[in-house]
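Asker: Input start.tsv, format and content: TSV, C-alpha atoms and all ligand atoms.
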```tsv
chain	number	residue	atom	x	y	z
A	8	MET	CA	94.03	30.52	185.20
A	9	GLU	CA	91.42	30.54	187.96
A	10	ILE	CA	87.92	29.15	187.37
A	11	THR	CA	85.30	30.61	189.69
A	12	ILE	CA	81.88	29.03	190.07
A	13	LYS	CA	78.97	30.91	191.61
A	14	ASN	CA	75.49	29.53	192.26
A	15	LEU	CA	75.85	26.77	189.70
A	16	GLN	CA	72.70	24.70	189.25
A	17	TYR	CA	71.75	22.16	186.67
A	18	SER	CA	69.10	19.43	186.34
A	19	TYR	CA	68.49	16.95	183.55
A	20	PRO	CA	64.89	16.99	182.31
A	21	GLY	CA	62.91	14.27	184.05
A	22	SER	CA	65.77	13.29	186.39
A	23	PRO	CA	65.79	13.77	190.18
A	24	PHE	CA	69.53	14.59	190.03
A	25	SER	CA	70.54	18.18	190.53
A	26	LEU	CA	74.01	19.78	190.45
A	27	ASN	CA	74.34	22.46	193.10
A	28	LEU	CA	77.58	24.40	193.75
A	29	PRO	CA	77.01	27.72	195.55
A	30	GLU	CA	80.69	28.65	195.33
A	31	TYR	CA	83.85	26.89	194.15
A	32	VAL	CA	87.23	28.00	192.82
A	33	PHE	CA	89.49	25.80	190.68
A	34	ALA	CA	93.02	27.19	191.04
A	35	PRO	CA	95.88	26.54	188.58
A	36	GLY	CA	97.25	23.03	189.03
A	37	LEU	CA	95.40	19.75	189.29
A	38	THR	CA	92.03	19.21	190.96
A	39	THR	CA	90.72	15.65	190.84
A	40	LEU	CA	86.98	15.04	191.08
A	41	ILE	CA	86.14	11.80	192.84
A	42	GLY	CA	82.91	10.27	194.10
A	43	GLN	CA	80.48	7.45	193.47
A	44	ASN	CA	78.76	6.83	190.15
A	45	GLY	CA	76.08	9.42	189.55
A	46	ALA	CA	77.63	11.95	191.99
A	47	GLY	CA	77.67	14.64	189.28
A	48	LYS	CA	81.36	14.72	188.29
A	49	SER	CA	80.83	14.53	184.52
A	50	THR	CA	77.99	17.02	184.73
A	51	LEU	CA	80.25	19.51	186.50
A	52	LEU	CA	82.97	18.97	183.90
A	53	LYS	CA	80.45	19.54	181.09
A	54	ALA	CA	79.26	22.76	182.76
A	55	VAL	CA	82.85	24.08	182.97
A	56	ALA	CA	83.36	23.15	179.31
A	57	GLY	CA	80.21	25.07	178.36
A	58	LEU	CA	78.55	21.92	177.02
A	59	ILE	CA	75.34	22.28	179.06
A	60	ASP	CA	73.07	25.22	179.65
A	61	PHE	CA	73.31	25.77	183.42
A	62	ASP	CA	71.98	28.40	185.84
A	63	GLY	CA	74.60	30.51	187.62
A	64	GLU	CA	78.02	31.73	186.67
A	65	ILE	CA	81.38	30.28	185.69
A	66	ASP	CA	84.24	32.77	185.22
A	67	PHE	CA	87.75	32.31	183.88
A	68	ASP	CA	90.08	34.87	185.50
A	69	GLY	CA	87.01	37.08	185.87
A	70	GLU	CA	85.72	36.61	182.32
A	71	ASN	CA	82.41	34.79	181.90
A	72	LEU	CA	82.34	31.40	180.18
A	73	GLN	CA	80.68	32.50	176.94
A	74	ASP	CA	83.05	35.46	176.41
A	75	PHE	CA	86.01	33.24	177.28
A	76	LEU	CA	84.99	30.56	174.76
A	77	ALA	CA	84.10	33.12	172.08
A	78	LYS	CA	87.81	33.91	171.76
A	79	GLY	CA	88.43	30.41	170.41
A	80	ARG	CA	87.23	27.30	172.17
A	81	LEU	CA	90.05	25.04	170.91
A	82	THR	CA	92.84	27.09	172.46
A	83	LYS	CA	90.90	27.84	175.65
A	84	ILE	CA	89.61	24.47	176.86
A	85	GLY	CA	90.85	20.99	176.02
A	86	TYR	CA	88.22	18.39	176.88
A	87	THR	CA	88.47	14.63	176.62
A	88	PHE	CA	85.44	12.36	176.93
A	89	GLN	CA	85.21	9.28	179.14
A	90	ASP	CA	84.66	7.08	176.10
A	91	PRO	CA	87.19	7.79	173.31
A	92	ASN	CA	84.70	6.37	170.79
A	93	ASP	CA	82.58	9.50	171.41
A	94	GLN	CA	85.47	11.70	170.36
A	95	LEU	CA	87.58	10.21	167.57
A	96	PHE	CA	86.33	10.82	164.03
A	97	ASN	CA	89.26	11.20	161.63
A	98	SER	CA	90.50	8.51	159.27
A	99	THR	CA	94.04	8.31	160.67
A	100	VAL	CA	95.78	8.86	164.00
A	101	TYR	CA	97.88	11.64	162.42
A	102	LYS	CA	94.81	13.44	161.05
A	103	GLU	CA	93.07	13.16	164.42
A	104	VAL	CA	95.81	15.22	166.09
A	105	ALA	CA	96.32	17.58	163.14
A	106	TRP	CA	92.59	18.35	162.84
A	107	GLY	CA	92.35	20.87	165.69
A	108	LEU	CA	95.54	22.62	164.60
A	109	GLU	CA	94.18	22.93	161.06
A	110	GLN	CA	90.98	24.52	162.41
A	111	LEU	CA	93.22	27.21	163.92
A	112	LYS	CA	94.56	27.92	160.40
A	113	MET	CA	98.08	27.21	161.56
A	114	PRO	CA	100.78	27.08	158.83
A	115	GLU	CA	101.14	23.57	157.40
A	116	ASP	CA	104.71	23.08	158.64
A	117	GLU	CA	103.69	24.09	162.18
A	118	VAL	CA	100.75	21.64	162.07
A	119	GLU	CA	103.15	18.90	161.03
A	120	LYS	CA	105.74	19.80	163.64
A	121	ARG	CA	103.23	19.91	166.51
A	122	THR	CA	101.42	16.76	165.39
A	123	ILE	CA	104.62	14.74	165.10
A	124	SER	CA	106.02	15.94	168.43
A	125	THR	CA	102.72	15.27	170.26
A	126	LEU	CA	102.40	11.77	168.79
A	127	ASP	CA	105.97	11.16	169.82
A	128	LYS	CA	105.31	12.38	173.37
A	129	LEU	CA	102.37	9.99	173.72
A	130	GLY	CA	104.26	7.05	172.16
A	131	LEU	CA	101.84	6.91	169.22
A	132	THR	CA	104.17	7.67	166.30
A	133	GLU	CA	104.22	4.09	165.02
A	134	PHE	CA	100.41	4.21	164.68
A	135	LYS	CA	100.16	7.50	162.80
A	136	GLY	CA	98.86	5.94	159.57
A	137	LEU	CA	96.30	3.70	161.30
A	138	ASN	CA	92.61	4.35	161.69
A	139	PRO	CA	92.01	5.43	165.35
A	140	TYR	CA	89.43	2.64	165.68
A	141	ASP	CA	92.17	0.05	165.02
A	142	LEU	CA	94.02	1.11	168.19
A	143	SER	CA	93.73	-0.60	171.55
A	144	LEU	CA	91.43	1.12	174.05
A	145	SER	CA	94.48	2.29	176.00
A	146	ASP	CA	96.03	3.88	172.88
A	147	LYS	CA	92.67	5.42	171.90
A	148	LYS	CA	92.60	7.12	175.32
A	149	LEU	CA	96.17	8.37	174.75
A	150	LEU	CA	95.12	9.65	171.32
A	151	THR	CA	92.29	11.73	172.83
A	152	LEU	CA	94.88	13.25	175.17
A	153	ALA	CA	97.16	13.95	172.20
A	154	THR	CA	94.40	15.85	170.37
A	155	VAL	CA	94.14	18.37	173.22
A	156	LEU	CA	97.82	18.50	174.21
A	157	ALA	CA	98.75	19.52	170.66
A	158	LEU	CA	96.51	22.58	171.01
A	159	ASP	CA	98.17	23.68	174.27
A	160	PRO	CA	94.99	25.17	175.82
A	161	ALA	CA	94.91	27.10	179.11
A	162	ILE	CA	92.43	24.68	180.71
A	163	TYR	CA	92.36	20.89	180.56
A	164	LEU	CA	89.25	18.91	181.45
A	165	PHE	CA	89.71	15.14	181.46
A	166	ASP	CA	86.86	12.69	182.09
A	167	GLU	CA	88.54	9.54	183.46
A	168	PRO	CA	91.78	9.79	181.46
A	169	LEU	CA	93.27	6.76	183.27
A	170	MET	CA	90.39	4.41	182.43
A	171	CYS	CA	91.64	1.33	180.52
A	172	LEU	CA	95.27	2.51	180.50
A	173	ASP	CA	97.96	-0.12	180.81
A	174	TYR	CA	100.69	0.44	183.43
A	175	PRO	CA	103.30	2.16	181.17
A	176	SER	CA	100.61	4.44	179.72
A	177	ARG	CA	99.42	5.30	183.22
A	178	GLN	CA	102.99	6.26	184.15
A	179	LEU	CA	103.27	8.34	180.99
A	180	VAL	CA	100.06	10.20	181.78
A	181	SER	CA	101.23	10.91	185.35
A	182	GLN	CA	104.43	12.40	183.91
A	183	LEU	CA	102.50	14.51	181.39
A	184	PHE	CA	100.16	15.78	184.10
A	185	ASN	CA	103.14	16.80	186.24
A	186	GLU	CA	104.54	18.72	183.26
A	187	LEU	CA	101.20	20.52	182.79
A	188	ILE	CA	101.08	21.34	186.51
A	189	ASN	CA	104.62	22.77	186.31
A	190	GLU	CA	103.58	24.88	183.31
A	191	GLY	CA	100.86	26.43	185.50
A	192	LYS	CA	97.91	24.95	183.57
A	193	THR	CA	94.54	24.44	185.23
A	194	ILE	CA	93.55	20.78	185.07
A	195	ILE	CA	90.32	19.24	186.28
A	196	MET	CA	90.00	15.50	185.94
A	197	ILE	CA	87.70	12.73	187.04
A	198	CYS	CA	89.29	9.64	188.51
A	199	HIS	CA	88.13	6.44	190.22
A	200	ASP	CA	91.67	5.26	190.99
A	201	MET	CA	92.40	6.19	194.61
A	202	ASP	CA	95.98	4.87	194.40
A	203	TRP	CA	96.68	7.42	191.64
A	204	VAL	CA	94.88	10.24	193.47
A	205	ALA	CA	97.08	9.64	196.52
A	206	GLU	CA	100.27	9.33	194.44
A	207	MET	CA	99.63	12.69	192.77
A	208	GLY	CA	98.90	14.29	196.15
A	209	SER	CA	97.01	17.19	194.55
A	210	ARG	CA	93.74	18.75	195.66
A	211	ILE	CA	90.67	16.54	195.52
A	212	CYS	CA	87.02	17.50	195.30
A	213	VAL	CA	84.75	14.70	196.50
A	214	MET	CA	81.27	14.93	195.03
A	215	ALA	CA	78.05	13.36	196.30
A	216	GLY	CA	74.49	13.97	195.13
A	217	GLY	CA	75.52	16.91	192.91
A	218	GLN	CA	77.32	18.71	195.75
A	219	VAL	CA	80.84	19.00	197.14
A	220	ALA	CA	81.28	16.64	200.10
A	221	TYR	CA	85.01	17.31	200.70
A	222	ASP	CA	87.52	19.74	199.26
A	223	GLY	CA	91.21	19.54	200.18
A	224	LEU	CA	94.26	17.31	200.10
A	225	PRO	CA	93.88	13.51	199.85
A	226	ARG	CA	95.15	12.74	203.36
A	227	GLY	CA	92.39	14.75	205.06
A	228	PHE	CA	89.80	12.69	203.21
A	229	PHE	CA	91.39	9.24	203.42
A	230	GLU	CA	92.00	9.60	207.17
A	231	ASN	CA	88.34	10.45	207.80
A	232	GLU	CA	86.58	7.09	208.11
A	233	GLN	CA	83.16	8.69	208.44
A	234	LEU	CA	83.56	10.67	205.19
A	235	LEU	CA	84.92	7.60	203.38
A	236	LYS	CA	81.92	5.56	204.49
A	237	GLU	CA	79.40	8.25	203.60
A	238	ASN	CA	80.92	8.55	200.14
A	239	GLY	CA	81.33	4.82	199.54
A	240	LEU	CA	85.04	5.08	198.79
A	241	LEU	CA	88.05	3.03	199.89
A	242	PRO	CA	91.44	4.60	200.68
A	243	PRO	CA	94.50	3.70	198.56
A	244	ARG	CA	95.76	0.12	198.94
A	245	VAL	CA	99.06	1.28	200.46
A	246	TYR	CA	97.11	3.22	203.08
A	247	GLN	CA	94.98	0.17	203.94
A	248	LEU	CA	98.11	-1.96	204.26
A	249	SER	CA	99.95	0.51	206.46
A	250	LYS	CA	96.89	0.71	208.74
A	251	MET	CA	96.94	-3.08	209.04
A	252	LEU	CA	100.62	-2.86	209.97
A	253	ASN	CA	99.72	-0.29	212.65
A	254	MET	CA	102.06	2.34	211.25
A	255	ALA	CA	101.90	5.53	213.34
A	256	THR	CA	101.35	7.62	210.21
A	257	PRO	CA	99.87	5.39	207.52
A	258	CYS	CA	101.42	5.96	204.07
A	259	LEU	CA	99.29	7.12	201.18
A	260	SER	CA	101.60	6.00	198.39
A	261	LEU	CA	104.62	3.78	197.70
A	262	ALA	CA	106.78	6.91	197.41
A	263	GLU	CA	106.10	7.62	201.09
A	264	ILE	CA	107.40	4.18	202.09
A	265	GLN	CA	110.59	4.29	200.01
B	1	LIG	N1	71.75	12.92	179.70
B	1	LIG	C1	71.22	12.64	180.90
B	1	LIG	N2	69.88	12.63	181.08
B	1	LIG	C2	69.33	12.37	182.29
B	1	LIG	N3	70.07	12.11	183.41
B	1	LIG	C3	71.39	12.10	183.26
B	1	LIG	C4	72.06	12.37	182.01
B	1	LIG	N4	73.39	12.30	182.21
B	1	LIG	C5	73.56	12.01	183.51
B	1	LIG	N5	72.37	11.88	184.13
B	1	LIG	C6	72.17	11.58	185.56
B	1	LIG	O1	72.76	12.63	186.30
B	1	LIG	C7	73.40	12.12	187.46
B	1	LIG	C8	74.84	12.56	187.49
B	1	LIG	O2	75.52	11.95	186.41
B	1	LIG	P1	77.07	12.20	186.12
B	1	LIG	O3	77.39	11.46	184.85
B	1	LIG	O4	77.37	13.64	186.19
B	1	LIG	O5	77.73	11.47	187.37
B	1	LIG	P2	79.23	10.99	187.57
B	1	LIG	O6	79.60	11.34	188.96
B	1	LIG	O7	80.10	11.52	186.49
B	1	LIG	O8	79.10	9.42	187.44
B	1	LIG	P3	80.11	8.32	186.77
B	1	LIG	O9	81.25	8.17	187.73
B	1	LIG	O10	79.25	7.10	186.70
B	1	LIG	O11	80.52	8.82	185.43
B	1	LIG	C9	73.18	10.60	187.41
B	1	LIG	O12	72.08	10.29	188.22
B	1	LIG	C10	72.91	10.33	185.96
B	1	LIG	O13	72.06	9.20	185.82
```
In C-alpha cells, what does this structure look like?
Ligand SMILES: Nc1ncnc2c1ncn2[C@@H]1O[C@H](COP(=O)(O)OP(=O)(O)OP(=O)(O)O)[C@@H](O)[C@H]1O
Answerer:
Amino acid sequence: MEITIKNLQYSYPGSPFSLNLPEYVFAPGLTTLIGQNGAGKSTLLKAVAGLIDFDGEIDFDGENLQDFLAKGRLTKIGYTFQDPNDQLFNSTVYKEVAWGLEQLKMPEDEVEKRTISTLDKLGLTEFKGLNPYDLSLSDKKLLTLATVLALDPAIYLFDEPLMCLDYPSRQLVSQLFNELINEGKTIIMICHDMDWVAEMGSRICVMAGGQVAYDGLPRGFFENEQLLKENGLLPPRVYQLSKMLNMATPCLSLAEIQ
C-alpha cells in the first residue's frame, strides 16, 4: 500500500517546532526515518497514524486517512510506541496479544491460534502467563511488536523498535522485518542505529527541523560527508573502519565484507 503525503504541516502549541512535508510518498517495503533528536520523526509517525490533527493530506492508496481508518483501525495500521510502558495494559502477556484480536470479534479458537503462534514467533511463549511489566525491557519491546503482528495490518509504524533490544532479539526483529517486506507490507520505522540501517539497505528518510533532508538509499547519505555533518550523524562503524583502511569502495555492513 502506498502512503501519499501532500502539504503536511503540524505545530505543537507554544513550540517553535513545525513539521513541513510538501510532498512525500511511502512505497510498500521499509522506509527508515533517521535524524537527530527533535527532528520530527515521531511527529511524522503520529500524523501517519492519525494520532494528531494536522493540516494537509495523507492518503492510503488514494483513500484519505480518516476514511481509511474508519474501516477498522486495528487491521489498517499497527503502531508501536517508543516506550513500551505507554502501550502495555493487560494483566498477562497472552491477554496483551489476544486483546486486539478480541476487539475484532474473531472466533475464540482463532484468537488462541494467532496469539500462540505470534508469541512463539517472538520467543515469548514461556512468558505468556506473566504480567507484561515483569518482563525485561527487551521482551516488553518484543511484546509490543507481537500485539501488532498478530493483527496482520497493511501498514506498520514502529517508533524505535530496536531500542533496548539484546543482540538475539535484534536479529529476530531484522528477520521479521524482512518477512514483512517480502509480504509487501508498508513499514515506516524510526531508528538511531546506523549499523542496522546500513545492514537492511532499505530506503532512508533523513529528517531535520521538521523537514526531509535526504531521501534515498543509505549509501548516498553515508558517503556524503557534508550531509552527515549537517545532520549530526555518524556512518556505520564498518563504513568508518573501511574508510580508515582506505578501501576503494568502503563497506556499509559486515555482509559486504564477507
Ligand atoms: N507534546 C509536545 N508538545 C510540545 N512540543 C513537542 C511535543 N512533542 C514533541 N515536541 C517537540 O517537537 C519537536 C519534534 O519532536 P519529535 O518527537 O517528533 O522528534 P524526534 O525526531 O522523534 O526526536 P527523538 O529522536 O528524540 O524521538 C521537538 O522539538 C519536541 O520537543
Asker: 9 Å from ligand LIG 1 (chain B) is the threshold here; counting only C-alpha atoms and all ligand atoms, which polymer residues fall inside it? Answer as a PyMOL selection string.
Answerer: chain A and resi 18-26+40-53+89+166-167+197-199+214-217
Asker: Between A:Gln218, A:Thr11, A:Gln16, A:Gln110, which one has atoms that come closest to Leu81 of chain A, using only C-alpha atoms?
Answerer: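 Among A:Gln218, A:Thr11, A:Gln16, A:Gln110, it is A:Gln110 that comes nearest to Leu81 of chain A.
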Asker: Give as a list of chain:residue names the set of residues within 10 Å of the point (93.8, 2.2, 198.1), where distances use the file's coordinates and all atoms listed in the file.
Answerer: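 Residues with an atom close enough to that point: A:Asp200, A:Met201, A:Asp202, A:Trp203, A:Val204, A:Ala205, A:Phe229, A:Leu240, A:Leu241, A:Pro242, A:Pro243, A:Arg244, A:Val245, A:Tyr246, A:Gln247, A:Leu248, A:Leu259, A:Ser260.
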Asker: Report the distance between atom CA of Asn97 of chain A and atom CA of Gly130 of chain A in Å, rounded to one decimal place.
Answerer: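 Computing it gives 18.8 Å between the two atoms.
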Asker: Could you tell me how far atom CA of Ser181 of chain A sits from atom CA of Asn92 of chain A, in Å to one decimal place?
Answerer: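 Interatomic distance here is 22.5 Å.
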Asker: Give me the residues near segment 158-165 of chain A as a list in words, where near means some atom within 6 Å (using all atoms listed in the file) and where sequence neighbours in that chain fewer than 6 positions away do not count.
Answerer: Thr82, Lys83, Ile84, Gly85, Tyr86, Thr87, Lys192, Thr193, Ile194, Ile195 and Met196 of chain A
Asker: Counting all atoms listed in the file, which residue out of A:Leu149, A:Leu137, A:Ala56, A:Val104 sits closest to Arg80 of chain A?
Answerer: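 For Arg80 of chain A, the nearest of the given residues is A:Ala56.
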Asker: Nearest to Gly57 of chain A: which of A:Asp141, A:Asp146, A:Glu115, A:Asp74 is it, counting all atoms listed in the file?
Answerer: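 The closest residue to Gly57 of chain A is A:Asp74.
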Asker: For Glu70 of chain A, which residue out of A:Val155, A:Ile12, A:Ile188, A:Ile264 is the nearest one, using all atoms listed in the file?
Answerer: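 Of A:Val155, A:Ile12, A:Ile188, A:Ile264, the one nearest Glu70 of chain A, counting all atoms listed in the file, is A:Ile12.
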Asker: Just give me the gap between atom CA of Asp116 of chain A and atom CA of Gly191 of chain A in Å, one decimal is fine.
Answerer: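 Separation between atom CA of Asp116 of chain A and atom CA of Gly191 of chain A: 27.3 Å.
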Asker: Excluding Val180 of chain A and its own-chain neighbours fewer than 3 positions away, which residues fall within 10 Å of it when counting all atoms listed in the file? Please give them as a count of residues only.
Answerer: 14
Asker: Starting from the block above, write segment 73-94 of chain A out to a file with N, CA and C atoms, as a short mmCIF file (atom, residue, chain, number, x, y, z; two decimals), in the first residue's frame, please.
Answerer:
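Listed below is the output, selection.cif:
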```
data_model
loop_
_atom_site.label_atom_id
_atom_site.label_comp_id
_atom_site.auth_asym_id
_atom_site.auth_seq_id
_atom_site.Cartn_x
_atom_site.Cartn_y
_atom_site.Cartn_z
N GLN A 73 -8.80 9.49 7.25
CA GLN A 73 -9.96 9.23 8.11
C GLN A 73 -10.84 8.12 7.54
N ASP A 74 -11.06 8.13 6.21
CA ASP A 74 -11.87 7.07 5.60
C ASP A 74 -11.17 5.72 5.74
N PHE A 75 -9.85 5.75 5.57
CA PHE A 75 -9.05 4.52 5.66
C PHE A 75 -9.17 3.92 7.07
N LEU A 76 -9.03 4.78 8.09
CA LEU A 76 -9.08 4.29 9.47
C LEU A 76 -10.50 3.90 9.89
N ALA A 77 -11.50 4.55 9.28
CA ALA A 77 -12.89 4.27 9.65
C ALA A 77 -13.26 2.82 9.36
N LYS A 78 -12.53 2.19 8.45
CA LYS A 78 -12.83 0.78 8.10
C LYS A 78 -12.25 -0.19 9.12
N GLY A 79 -11.66 0.33 10.19
CA GLY A 79 -11.12 -0.56 11.22
C GLY A 79 -9.66 -0.30 11.47
N ARG A 80 -9.39 0.57 12.43
CA ARG A 80 -8.02 1.00 12.70
C ARG A 80 -7.07 -0.18 12.95
N LEU A 81 -7.54 -1.17 13.75
CA LEU A 81 -6.64 -2.24 14.18
C LEU A 81 -6.08 -3.07 13.02
N THR A 82 -6.89 -3.25 11.98
CA THR A 82 -6.41 -4.07 10.86
C THR A 82 -5.75 -3.21 9.79
N LYS A 83 -5.82 -1.88 9.95
CA LYS A 83 -5.23 -0.99 8.94
C LYS A 83 -3.81 -0.60 9.32
N ILE A 84 -3.65 -0.09 10.55
CA ILE A 84 -2.34 0.41 10.96
C ILE A 84 -1.92 -0.21 12.29
N GLY A 85 -0.74 -0.81 12.29
CA GLY A 85 -0.16 -1.31 13.54
C GLY A 85 0.90 -0.32 13.99
N TYR A 86 0.76 0.20 15.21
CA TYR A 86 1.66 1.26 15.68
C TYR A 86 2.26 0.84 17.01
N THR A 87 3.59 0.91 17.11
CA THR A 87 4.19 0.66 18.42
C THR A 87 4.92 1.91 18.90
N PHE A 88 4.73 2.20 20.19
CA PHE A 88 5.32 3.40 20.79
C PHE A 88 6.80 3.18 21.12
N GLN A 89 7.49 4.30 21.27
CA GLN A 89 8.91 4.24 21.64
C GLN A 89 9.07 3.57 23.01
N ASP A 90 8.22 3.97 23.94
CA ASP A 90 8.31 3.41 25.29
C ASP A 90 7.19 2.38 25.48
N PRO A 91 7.55 1.08 25.63
CA PRO A 91 6.50 0.06 25.74
C PRO A 91 5.58 0.29 26.94
N ASN A 92 6.08 1.02 27.95
CA ASN A 92 5.25 1.28 29.13
C ASN A 92 4.05 2.18 28.80
N ASP A 93 4.11 2.86 27.64
CA ASP A 93 2.98 3.69 27.21
C ASP A 93 1.91 2.85 26.53
N GLN A 94 2.23 1.57 26.28
CA GLN A 94 1.37 0.79 25.40
C GLN A 94 0.74 -0.44 26.07
#
```
